[in-house]
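Chemist: Structure file run-v9.pdb, PDB, C-alpha atoms, is pasted below:
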```
ATOM      1  CA  MET Q   1     -88.703   8.623  15.001  1.00  0.00           C
ATOM      2  CA  ILE Q   2     -85.877   9.623  12.718  1.00  0.00           C
ATOM      3  CA  PRO Q   3     -84.967   7.111  10.063  1.00  0.00           C
ATOM      4  CA  LYS Q   4     -81.490   5.731  10.315  1.00  0.00           C
ATOM      5  CA  ALA Q   5     -79.131   6.411   7.404  1.00  0.00           C
ATOM      6  CA  THR Q   6     -77.945   3.290   5.752  1.00  0.00           C
ATOM      7  CA  THR Q   7     -74.738   2.794   3.895  1.00  0.00           C
ATOM      8  CA  PRO Q   8     -74.571   0.689   0.802  1.00  0.00           C
ATOM      9  CA  SER Q   9     -72.981  -2.658   1.433  1.00  0.00           C
ATOM     10  CA  ARG Q  10     -69.567  -3.217  -0.013  1.00  0.00           C
ATOM     11  CA  SER Q  11     -69.039  -6.322  -1.970  1.00  0.00           C
ATOM     12  CA  ARG Q  12     -65.235  -6.093  -1.728  1.00  0.00           C
ATOM     13  CA  ALA Q  13     -62.904  -5.700   1.178  1.00  0.00           C
ATOM     14  CA  PRO Q  14     -61.177  -2.249   1.412  1.00  0.00           C
ATOM     15  CA  GLY Q  15     -57.737  -3.574   0.405  1.00  0.00           C
ATOM     16  CA  ALA Q  16     -59.000  -5.653  -2.509  1.00  0.00           C
ATOM     17  CA  VAL Q  17     -58.984  -2.755  -4.994  1.00  0.00           C
ATOM     18  CA  ALA Q  18     -55.459  -1.711  -4.011  1.00  0.00           C
ATOM     19  CA  LEU Q  19     -54.314  -5.312  -4.251  1.00  0.00           C
ATOM     20  CA  ALA Q  20     -55.825  -5.652  -7.705  1.00  0.00           C
ATOM     21  CA  LEU Q  21     -54.101  -2.457  -8.885  1.00  0.00           C
ATOM     22  CA  LEU Q  22     -50.777  -3.605  -7.477  1.00  0.00           C
ATOM     23  CA  GLY Q  23     -51.128  -6.964  -9.206  1.00  0.00           C
ATOM     24  CA  GLY Q  24     -51.831  -5.227 -12.530  1.00  0.00           C
ATOM     25  CA  VAL Q  25     -48.769  -3.027 -12.190  1.00  0.00           C
ATOM     26  CA  LEU Q  26     -46.573  -6.010 -11.342  1.00  0.00           C
ATOM     27  CA  LEU Q  27     -47.852  -8.032 -14.282  1.00  0.00           C
ATOM     28  CA  GLY Q  28     -47.250  -5.090 -16.617  1.00  0.00           C
ATOM     29  CA  SER Q  29     -43.685  -4.613 -15.396  1.00  0.00           C
ATOM     30  CA  ILE Q  30     -42.910  -8.321 -15.650  1.00  0.00           C
ATOM     31  CA  GLY Q  31     -44.128  -8.234 -19.240  1.00  0.00           C
ATOM     32  CA  ALA Q  32     -41.843  -5.306 -20.014  1.00  0.00           C
ATOM     33  CA  ILE Q  33     -38.880  -7.091 -18.459  1.00  0.00           C
ATOM     34  CA  ALA Q  34     -39.636 -10.275 -20.357  1.00  0.00           C
ATOM     35  CA  THR Q  35     -39.600  -8.458 -23.709  1.00  0.00           C
ATOM     36  CA  ALA Q  36     -36.234  -6.763 -23.112  1.00  0.00           C
ATOM     37  CA  GLN Q  37     -33.319  -7.867 -25.259  1.00  0.00           C
ATOM     38  CA  ILE Q  38     -29.933  -8.715 -23.769  1.00  0.00           C
ATOM     39  CA  TYR Q  39     -26.878  -8.492 -26.022  1.00  0.00           C
ATOM     40  CA  THR Q  40     -23.807 -10.590 -25.223  1.00  0.00           C
ATOM     41  CA  TRP Q  41     -20.530 -10.347 -27.169  1.00  0.00           C
ATOM     42  CA  THR Q  42     -16.740 -10.467 -26.952  1.00  0.00           C
ATOM     43  CA  ASP Q  43     -14.984  -7.108 -27.377  1.00  0.00           C
ATOM     44  CA  ASP Q  44     -11.659  -6.314 -29.055  1.00  0.00           C
ATOM     45  CA  GLN Q  45      -9.696  -7.043 -25.835  1.00  0.00           C
ATOM     46  CA  GLY Q  46     -11.314 -10.471 -25.504  1.00  0.00           C
ATOM     47  CA  ARG Q  47     -13.569  -9.476 -22.569  1.00  0.00           C
ATOM     48  CA  ARG Q  48     -17.145 -10.685 -22.378  1.00  0.00           C
ATOM     49  CA  GLN Q  49     -19.655  -7.790 -22.530  1.00  0.00           C
ATOM     50  CA  VAL Q  50     -23.353  -7.810 -21.637  1.00  0.00           C
ATOM     51  CA  SER Q  51     -25.704  -4.890 -22.327  1.00  0.00           C
ATOM     52  CA  ASP Q  52     -29.285  -3.941 -23.045  1.00  0.00           C
ATOM     53  CA  ARG Q  53     -28.062  -2.027 -26.114  1.00  0.00           C
ATOM     54  CA  PRO Q  54     -26.439  -3.489 -29.218  1.00  0.00           C
ATOM     55  CA  PRO Q  55     -22.661  -3.074 -29.533  1.00  0.00           C
ATOM     56  CA  GLU Q  56     -21.138  -0.454 -31.782  1.00  0.00           C
ATOM     57  CA  GLY Q  57     -19.273  -1.724 -34.843  1.00  0.00           C
ATOM     58  CA  SER Q  58     -18.424  -5.338 -35.520  1.00  0.00           C
ATOM     59  CA  VAL Q  59     -17.887  -7.726 -32.621  1.00  0.00           C
ATOM     60  CA  LYS Q  60     -17.207 -11.410 -32.074  1.00  0.00           C
ATOM     61  CA  ASP Q  61     -19.846 -13.888 -30.893  1.00  0.00           C
ATOM     62  CA  LEU Q  62     -22.889 -11.572 -30.797  1.00  0.00           C
ATOM     63  CA  LYS Q  63     -25.827 -13.266 -29.081  1.00  0.00           C
ATOM     64  CA  VAL Q  64     -29.247 -11.704 -28.523  1.00  0.00           C
ATOM     65  CA  GLN Q  65     -31.462 -13.055 -25.753  1.00  0.00           C
ATOM     66  CA  GLY Q  66     -35.093 -12.105 -25.293  1.00  0.00           C
ATOM     67  CA  ARG Q  67     -37.938 -11.451 -27.679  1.00  0.00           C
ATOM     68  CA  VAL Q  68     -36.783 -10.525 -31.154  1.00  0.00           C
ATOM     69  CA  SER Q  69     -39.128  -8.325 -33.170  1.00  0.00           C
ATOM     70  CA  SER Q  70     -40.055  -9.195 -36.731  1.00  0.00           C
ATOM     71  CA  GLY Q  71     -38.861  -5.775 -37.936  1.00  0.00           C
ATOM     72  CA  PRO Q  72     -35.308  -4.825 -38.856  1.00  0.00           C
ATOM     73  CA  ALA Q  73     -32.587  -5.497 -36.306  1.00  0.00           C
ATOM     74  CA  PRO Q  74     -31.873  -2.557 -34.022  1.00  0.00           C
ATOM     75  CA  SER Q  75     -28.790  -0.606 -34.939  1.00  0.00           C
ATOM     76  CA  ALA Q  76     -26.181   0.646 -32.525  1.00  0.00           C
ATOM     77  CA  PRO Q  77     -26.866   4.156 -31.255  1.00  0.00           C
ATOM     78  CA  ALA Q  78     -24.750   6.740 -32.992  1.00  0.00           C
ATOM     79  CA  ALA Q  79     -22.001   8.082 -30.772  1.00  0.00           C
ATOM     80  CA  PRO Q  80     -22.510  11.772 -30.062  1.00  0.00           C
ATOM     81  CA  ALA Q  81     -20.064  14.152 -31.683  1.00  0.00           C
ATOM     82  CA  LYS Q  82     -17.513  15.891 -29.466  1.00  0.00           C
ATOM     83  CA  GLY Q  83     -19.088  18.665 -27.428  1.00  0.00           C
ATOM     84  CA  GLU Q  84     -22.567  17.313 -28.180  1.00  0.00           C
ATOM     85  CA  GLU Q  85     -24.733  15.659 -25.551  1.00  0.00           C
ATOM     86  CA  ARG Q  86     -26.586  12.444 -26.244  1.00  0.00           C
ATOM     87  CA  LYS Q  87     -30.324  13.006 -26.366  1.00  0.00           C
ATOM     88  CA  GLY Q  88     -32.801  10.812 -24.598  1.00  0.00           C
ATOM     89  CA  PRO Q  89     -32.866   9.221 -21.178  1.00  0.00           C
ATOM     90  CA  GLN Q  90     -29.723   7.694 -19.762  1.00  0.00           C
ATOM     91  CA  THR Q  91     -29.533   3.973 -19.250  1.00  0.00           C
ATOM     92  CA  LEU Q  92     -28.994   2.607 -15.783  1.00  0.00           C
ATOM     93  CA  ASN Q  93     -25.440   1.671 -16.751  1.00  0.00           C
ATOM     94  CA  GLU Q  94     -24.680   5.230 -17.917  1.00  0.00           C
ATOM     95  CA  LYS Q  95     -26.084   6.641 -14.683  1.00  0.00           C
ATOM     96  CA  ALA Q  96     -23.949   4.245 -12.638  1.00  0.00           C
ATOM     97  CA  LEU Q  97     -20.831   5.165 -14.633  1.00  0.00           C
ATOM     98  CA  GLU Q  98     -21.455   8.873 -14.103  1.00  0.00           C
ATOM     99  CA  PHE Q  99     -22.066   8.313 -10.392  1.00  0.00           C
ATOM    100  CA  ASN Q 100     -18.833   6.309 -10.049  1.00  0.00           C
ATOM    101  CA  LYS Q 101     -16.937   9.002 -11.953  1.00  0.00           C
ATOM    102  CA  ARG Q 102     -18.281  11.710  -9.627  1.00  0.00           C
ATOM    103  CA  MET Q 103     -17.363   9.648  -6.558  1.00  0.00           C
ATOM    104  CA  ILE Q 104     -13.812   9.077  -7.836  1.00  0.00           C
ATOM    105  CA  GLU Q 105     -13.405  12.789  -8.618  1.00  0.00           C
ATOM    106  CA  ARG Q 106     -14.727  13.697  -5.166  1.00  0.00           C
ATOM    107  CA  GLU Q 107     -12.324  11.247  -3.487  1.00  0.00           C
ATOM    108  CA  GLU Q 108      -9.385  12.569  -5.522  1.00  0.00           C
ATOM    109  CA  ALA Q 109     -10.268  16.161  -4.606  1.00  0.00           C
ATOM    110  CA  ARG Q 110     -10.558  15.209  -0.919  1.00  0.00           C
ATOM    111  CA  ALA Q 111      -7.199  13.399  -0.985  1.00  0.00           C
ATOM    112  CA  LYS Q 112      -5.564  16.357  -2.740  1.00  0.00           C
ATOM    113  CA  GLN Q 113      -7.022  18.756  -0.154  1.00  0.00           C
ATOM    114  CA  GLU Q 114      -5.803  16.588   2.743  1.00  0.00           C
ATOM    115  CA  LYS Q 115      -2.325  16.361   1.189  1.00  0.00           C
ATOM    116  CA  SER Q 116      -2.067  20.124   0.730  1.00  0.00           C
ATOM    117  CA  GLU Q 117      -3.257  20.718   4.316  1.00  0.00           C
ATOM    118  CA  ALA Q 118      -0.656  18.248   5.664  1.00  0.00           C
ATOM    119  CA  GLU Q 119       2.072  19.944   3.614  1.00  0.00           C
ATOM    120  CA  ALA Q 120       0.992  23.352   4.937  1.00  0.00           C
ATOM    121  CA  ARG Q 121       1.118  22.086   8.548  1.00  0.00           C
ATOM    122  CA  GLU Q 122       4.601  20.625   7.977  1.00  0.00           C
ATOM    123  CA  ARG Q 123       5.854  23.872   6.384  1.00  0.00           C
ATOM    124  CA  ALA Q 124       4.496  25.896   9.303  1.00  0.00           C
ATOM    125  CA  GLN Q 125       6.162  23.583  11.836  1.00  0.00           C
ATOM    126  CA  ARG Q 126       9.531  23.641  10.035  1.00  0.00           C
ATOM    127  CA  CYS Q 127       9.316  27.426   9.640  1.00  0.00           C
ATOM    128  CA  GLU Q 128       8.777  27.850  13.389  1.00  0.00           C
ATOM    129  CA  GLN Q 129      11.705  25.545  14.193  1.00  0.00           C
ATOM    130  CA  ALA Q 130      14.031  27.338  11.762  1.00  0.00           C
ATOM    131  CA  GLN Q 131      13.024  30.771  13.097  1.00  0.00           C
ATOM    132  CA  ALA Q 132      13.624  29.604  16.686  1.00  0.00           C
ATOM    133  CA  TYR Q 133      17.128  28.419  15.731  1.00  0.00           C
ATOM    134  CA  VAL Q 134      17.899  31.768  14.043  1.00  0.00           C
ATOM    135  CA  ARG Q 135      16.692  33.664  17.148  1.00  0.00           C
ATOM    136  CA  SER Q 136      18.874  31.453  19.327  1.00  0.00           C
ATOM    137  CA  LEU Q 137      21.947  32.207  17.207  1.00  0.00           C
ATOM    138  CA  GLN Q 138      21.168  35.935  17.101  1.00  0.00           C
ATOM    139  CA  GLN Q 139      20.790  36.142  20.894  1.00  0.00           C
ATOM    140  CA  GLY Q 140      24.261  34.738  21.381  1.00  0.00           C
ATOM    141  CA  GLY Q 141      23.353  31.246  22.501  1.00  0.00           C
ATOM    142  CA  ARG Q 142      25.953  28.555  22.098  1.00  0.00           C
ATOM    143  CA  ALA Q 143      25.929  26.973  18.687  1.00  0.00           C
ATOM    144  CA  THR Q 144      27.168  23.433  18.394  1.00  0.00           C
ATOM    145  CA  ARG Q 145      27.515  20.922  15.657  1.00  0.00           C
ATOM    146  CA  LEU Q 146      28.460  17.246  15.680  1.00  0.00           C
ATOM    147  CA  ASN Q 147      31.756  16.419  14.036  1.00  0.00           C
ATOM    148  CA  PRO Q 148      30.905  13.853  11.340  1.00  0.00           C
ATOM    149  CA  LYS Q 149      34.278  12.105  11.712  1.00  0.00           C
ATOM    150  CA  THR Q 150      34.455  11.759  15.497  1.00  0.00           C
ATOM    151  CA  GLY Q 151      30.811  12.216  16.509  1.00  0.00           C
ATOM    152  CA  GLU Q 152      31.881  14.756  19.156  1.00  0.00           C
ATOM    153  CA  ARG Q 153      30.151  18.063  19.744  1.00  0.00           C
ATOM    154  CA  GLU Q 154      32.053  21.122  18.492  1.00  0.00           C
ATOM    155  CA  TYR Q 155      31.291  24.699  19.537  1.00  0.00           C
ATOM    156  CA  LEU Q 156      31.008  27.229  16.705  1.00  0.00           C
ATOM    157  CA  GLU Q 157      32.817  30.538  17.172  1.00  0.00           C
ATOM    158  CA  GLY Q 158      33.666  33.527  14.963  1.00  0.00           C
ATOM    159  CA  ALA Q 159      33.415  32.916  11.204  1.00  0.00           C
ATOM    160  CA  ALA Q 160      31.931  29.422  11.633  1.00  0.00           C
ATOM    161  CA  ARG Q 161      29.172  30.901  13.817  1.00  0.00           C
ATOM    162  CA  ASP Q 162      28.458  33.666  11.260  1.00  0.00           C
ATOM    163  CA  LYS Q 163      28.286  31.075   8.462  1.00  0.00           C
ATOM    164  CA  GLU Q 164      25.883  28.941  10.565  1.00  0.00           C
ATOM    165  CA  LEU Q 165      23.675  32.007  11.179  1.00  0.00           C
ATOM    166  CA  ALA Q 166      23.565  32.798   7.428  1.00  0.00           C
ATOM    167  CA  ASP Q 167      22.728  29.149   6.608  1.00  0.00           C
ATOM    168  CA  ALA Q 168      20.023  29.086   9.289  1.00  0.00           C
ATOM    169  CA  GLN Q 169      18.521  32.339   7.952  1.00  0.00           C
ATOM    170  CA  ARG Q 170      18.393  30.913   4.387  1.00  0.00           C
ATOM    171  CA  THR Q 171      16.745  27.758   5.705  1.00  0.00           C
ATOM    172  CA  ALA Q 172      14.163  29.767   7.662  1.00  0.00           C
ATOM    173  CA  ASP Q 173      13.437  31.937   4.615  1.00  0.00           C
ATOM    174  CA  SER Q 174      12.916  28.879   2.406  1.00  0.00           C
ATOM    175  CA  TRP Q 175      10.479  27.248   4.870  1.00  0.00           C
ATOM    176  CA  CYS Q 176       8.600  30.443   5.747  1.00  0.00           C
ATOM    177  CA  LYS Q 177       7.896  31.738   2.242  1.00  0.00           C
ATOM    178  CA  PRO Q 178       4.738  30.513   0.479  1.00  0.00           C
ATOM    179  CA  PRO Q 179       5.269  27.342  -1.550  1.00  0.00           C
ATOM    180  CA  ALA Q 180       6.089  27.863  -5.201  1.00  0.00           C
ATOM    181  CA  ALA Q 181       3.627  26.906  -7.907  1.00  0.00           C
ATOM    182  CA  ALA Q 182       3.750  23.364  -9.224  1.00  0.00           C
ATOM    183  CA  PRO Q 183       6.925  22.828 -11.258  1.00  0.00           C
ATOM    184  CA  ALA Q 184       6.576  22.811 -15.011  1.00  0.00           C
ATOM    185  CA  ALA Q 185       7.246  19.682 -17.008  1.00  0.00           C
ATOM    186  CA  PRO Q 186      10.981  19.159 -17.581  1.00  0.00           C
ATOM    187  CA  ALA Q 187      12.283  20.373 -20.916  1.00  0.00           C
ATOM    188  CA  ALA Q 188      13.117  17.808 -23.528  1.00  0.00           C
ATOM    189  CA  PRO Q 189      16.845  17.018 -23.703  1.00  0.00           C
ATOM    190  CA  LYS Q 190      18.732  18.722 -26.519  1.00  0.00           C
ATOM    191  CA  LYS Q 191      20.282  16.520 -29.161  1.00  0.00           C
TER
END
```
Take the structure in this file and express it as C-alpha cells.

Modeler:
Amino acid sequence: MIPKATTPSRSRAPGAVALALLGGVLLGSIGAIATAQIYTWTDDQGRRQVSDRPPEGSVKDLKVQGRVSSGPAPSAPAAPAKGEERKGPQTLNEKALEFNKRMIEREEARAKQEKSEAEARERAQRCEQAQAYVRSLQQGGRATRLNPKTGEREYLEGAARDKELADAQRTADSWCKPPAAAPAAPAAPKK
C-alpha cells in the first residue's frame, strides 16, 4: 500500500492574509491623511482659499488645521523662475489645473477648426453662385434687377448689362480667391 500524502493543516482561512494586508494598508493611509495640514486663508481679492500648501507672501486670516510639527513652520515653496520648471511631484490641484487647461485649449482648437470649415463651405457656396450668375450673363440670358423705388423688375440692356457683368465678375473673383490672412491690428490714430 502506498502511503497517502498529507498536507499541513492551515490555521487561517485563505483570504485572511489578504484581508490583514489590506487592513494594514488602509490604516497606514488613514494615518497619513490624518497628519496632513490644511491651510485656509483670505487672498488679496477677498476670496477664501484652501490648500495643502502654505500661501505665498502675507495673507489675511491664515489658519492651519491638522497636526503641527514641533519644528519650524513650513515656508511657502519658492516660485520657479521664468522658463524653469518646478522640481518634484505635482500636487493633485496642479494636475487638475493642467488637465483643465489642456481641455480648454482642445475645445478652443476644435471650435476654431469648426469655424474655419464653416467659413470655407460658405465661401465655396457663394463662389459657385457668383460664377453661375457670371456664366448666365455671358451666355446672353436676361438680366434683371428690382427697382428700389418702385419694386418693379427692370431688364438690363447695353451699358447697364455690361456694368452688371463687370460687377458680377468682381464679386465672383472676391469669393473664389483664397481668404486673405488675418488682418493686422489697426494702426494707432495720429495726433

Chemist: Any chance you could work out the axis-aligned box around region 43-52 of chain Q, listed atoms only, 8 Å on each side, giving centre and edge lengths in Å to one decimal, as lines of an AutoDock Vina configuration file?

Modeler:
```
center_x = -19.5
center_y = -7.3
center_z = -25.3
size_x = 35.6
size_y = 22.7
size_z = 23.4
```

Chemist: Neighbours of Leu165 (chain Q) within 9 Å (all atoms listed in the file; same-chain residues fewer than 2 positions away dropped), as an mmCIF file with C-alpha atoms, in the frame of the given file?

Modeler:
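Below is the file that was written, result36.cif:
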```cif
data_model
loop_
_atom_site.group_PDB
_atom_site.id
_atom_site.type_symbol
_atom_site.label_atom_id
_atom_site.label_comp_id
_atom_site.auth_asym_id
_atom_site.auth_seq_id
_atom_site.Cartn_x
_atom_site.Cartn_y
_atom_site.Cartn_z
ATOM 1 C CA TYR Q 133 17.128 28.419 15.731
ATOM 2 C CA VAL Q 134 17.899 31.768 14.043
ATOM 3 C CA LEU Q 137 21.947 32.207 17.207
ATOM 4 C CA GLN Q 138 21.168 35.935 17.101
ATOM 5 C CA ALA Q 160 31.931 29.422 11.633
ATOM 6 C CA ARG Q 161 29.172 30.901 13.817
ATOM 7 C CA ASP Q 162 28.458 33.666 11.260
ATOM 8 C CA LYS Q 163 28.286 31.075 8.462
ATOM 9 C CA ASP Q 167 22.728 29.149 6.608
ATOM 10 C CA ALA Q 168 20.023 29.086 9.289
ATOM 11 C CA GLN Q 169 18.521 32.339 7.952
ATOM 12 C CA ARG Q 170 18.393 30.913 4.387
#
```

Chemist: Just to confirm, what's the straight-line distance from CA of Glu117 (chain Q) to CA of Asp173 (chain Q) in Å (one decimal)?

Modeler: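 Interatomic distance here is 20.1 Å.
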
Chemist: Between CA of Ser174 (chain Q) and CA of Cys127 (chain Q), what is the distance in Å, rounded to a tenth?

Modeler: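 Atom-to-atom, CA of Ser174 (chain Q) and CA of Cys127 (chain Q) are spaced 8.2 Å apart.
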
Chemist: Rounded to one decimal, what separation in Å do you get between CA of Ala124 (chain Q) and CA of Cys176 (chain Q)?

Modeler: 7.1 Å

Chemist: Anything within 9 Å of (27.1, 25.8, 16.6): list those residues as a PyMOL selection string, counting all atoms listed in the file and sticking to the file's coordinates.

Modeler: chain Q and resi 137+141-146+153-157+160-161+164-165
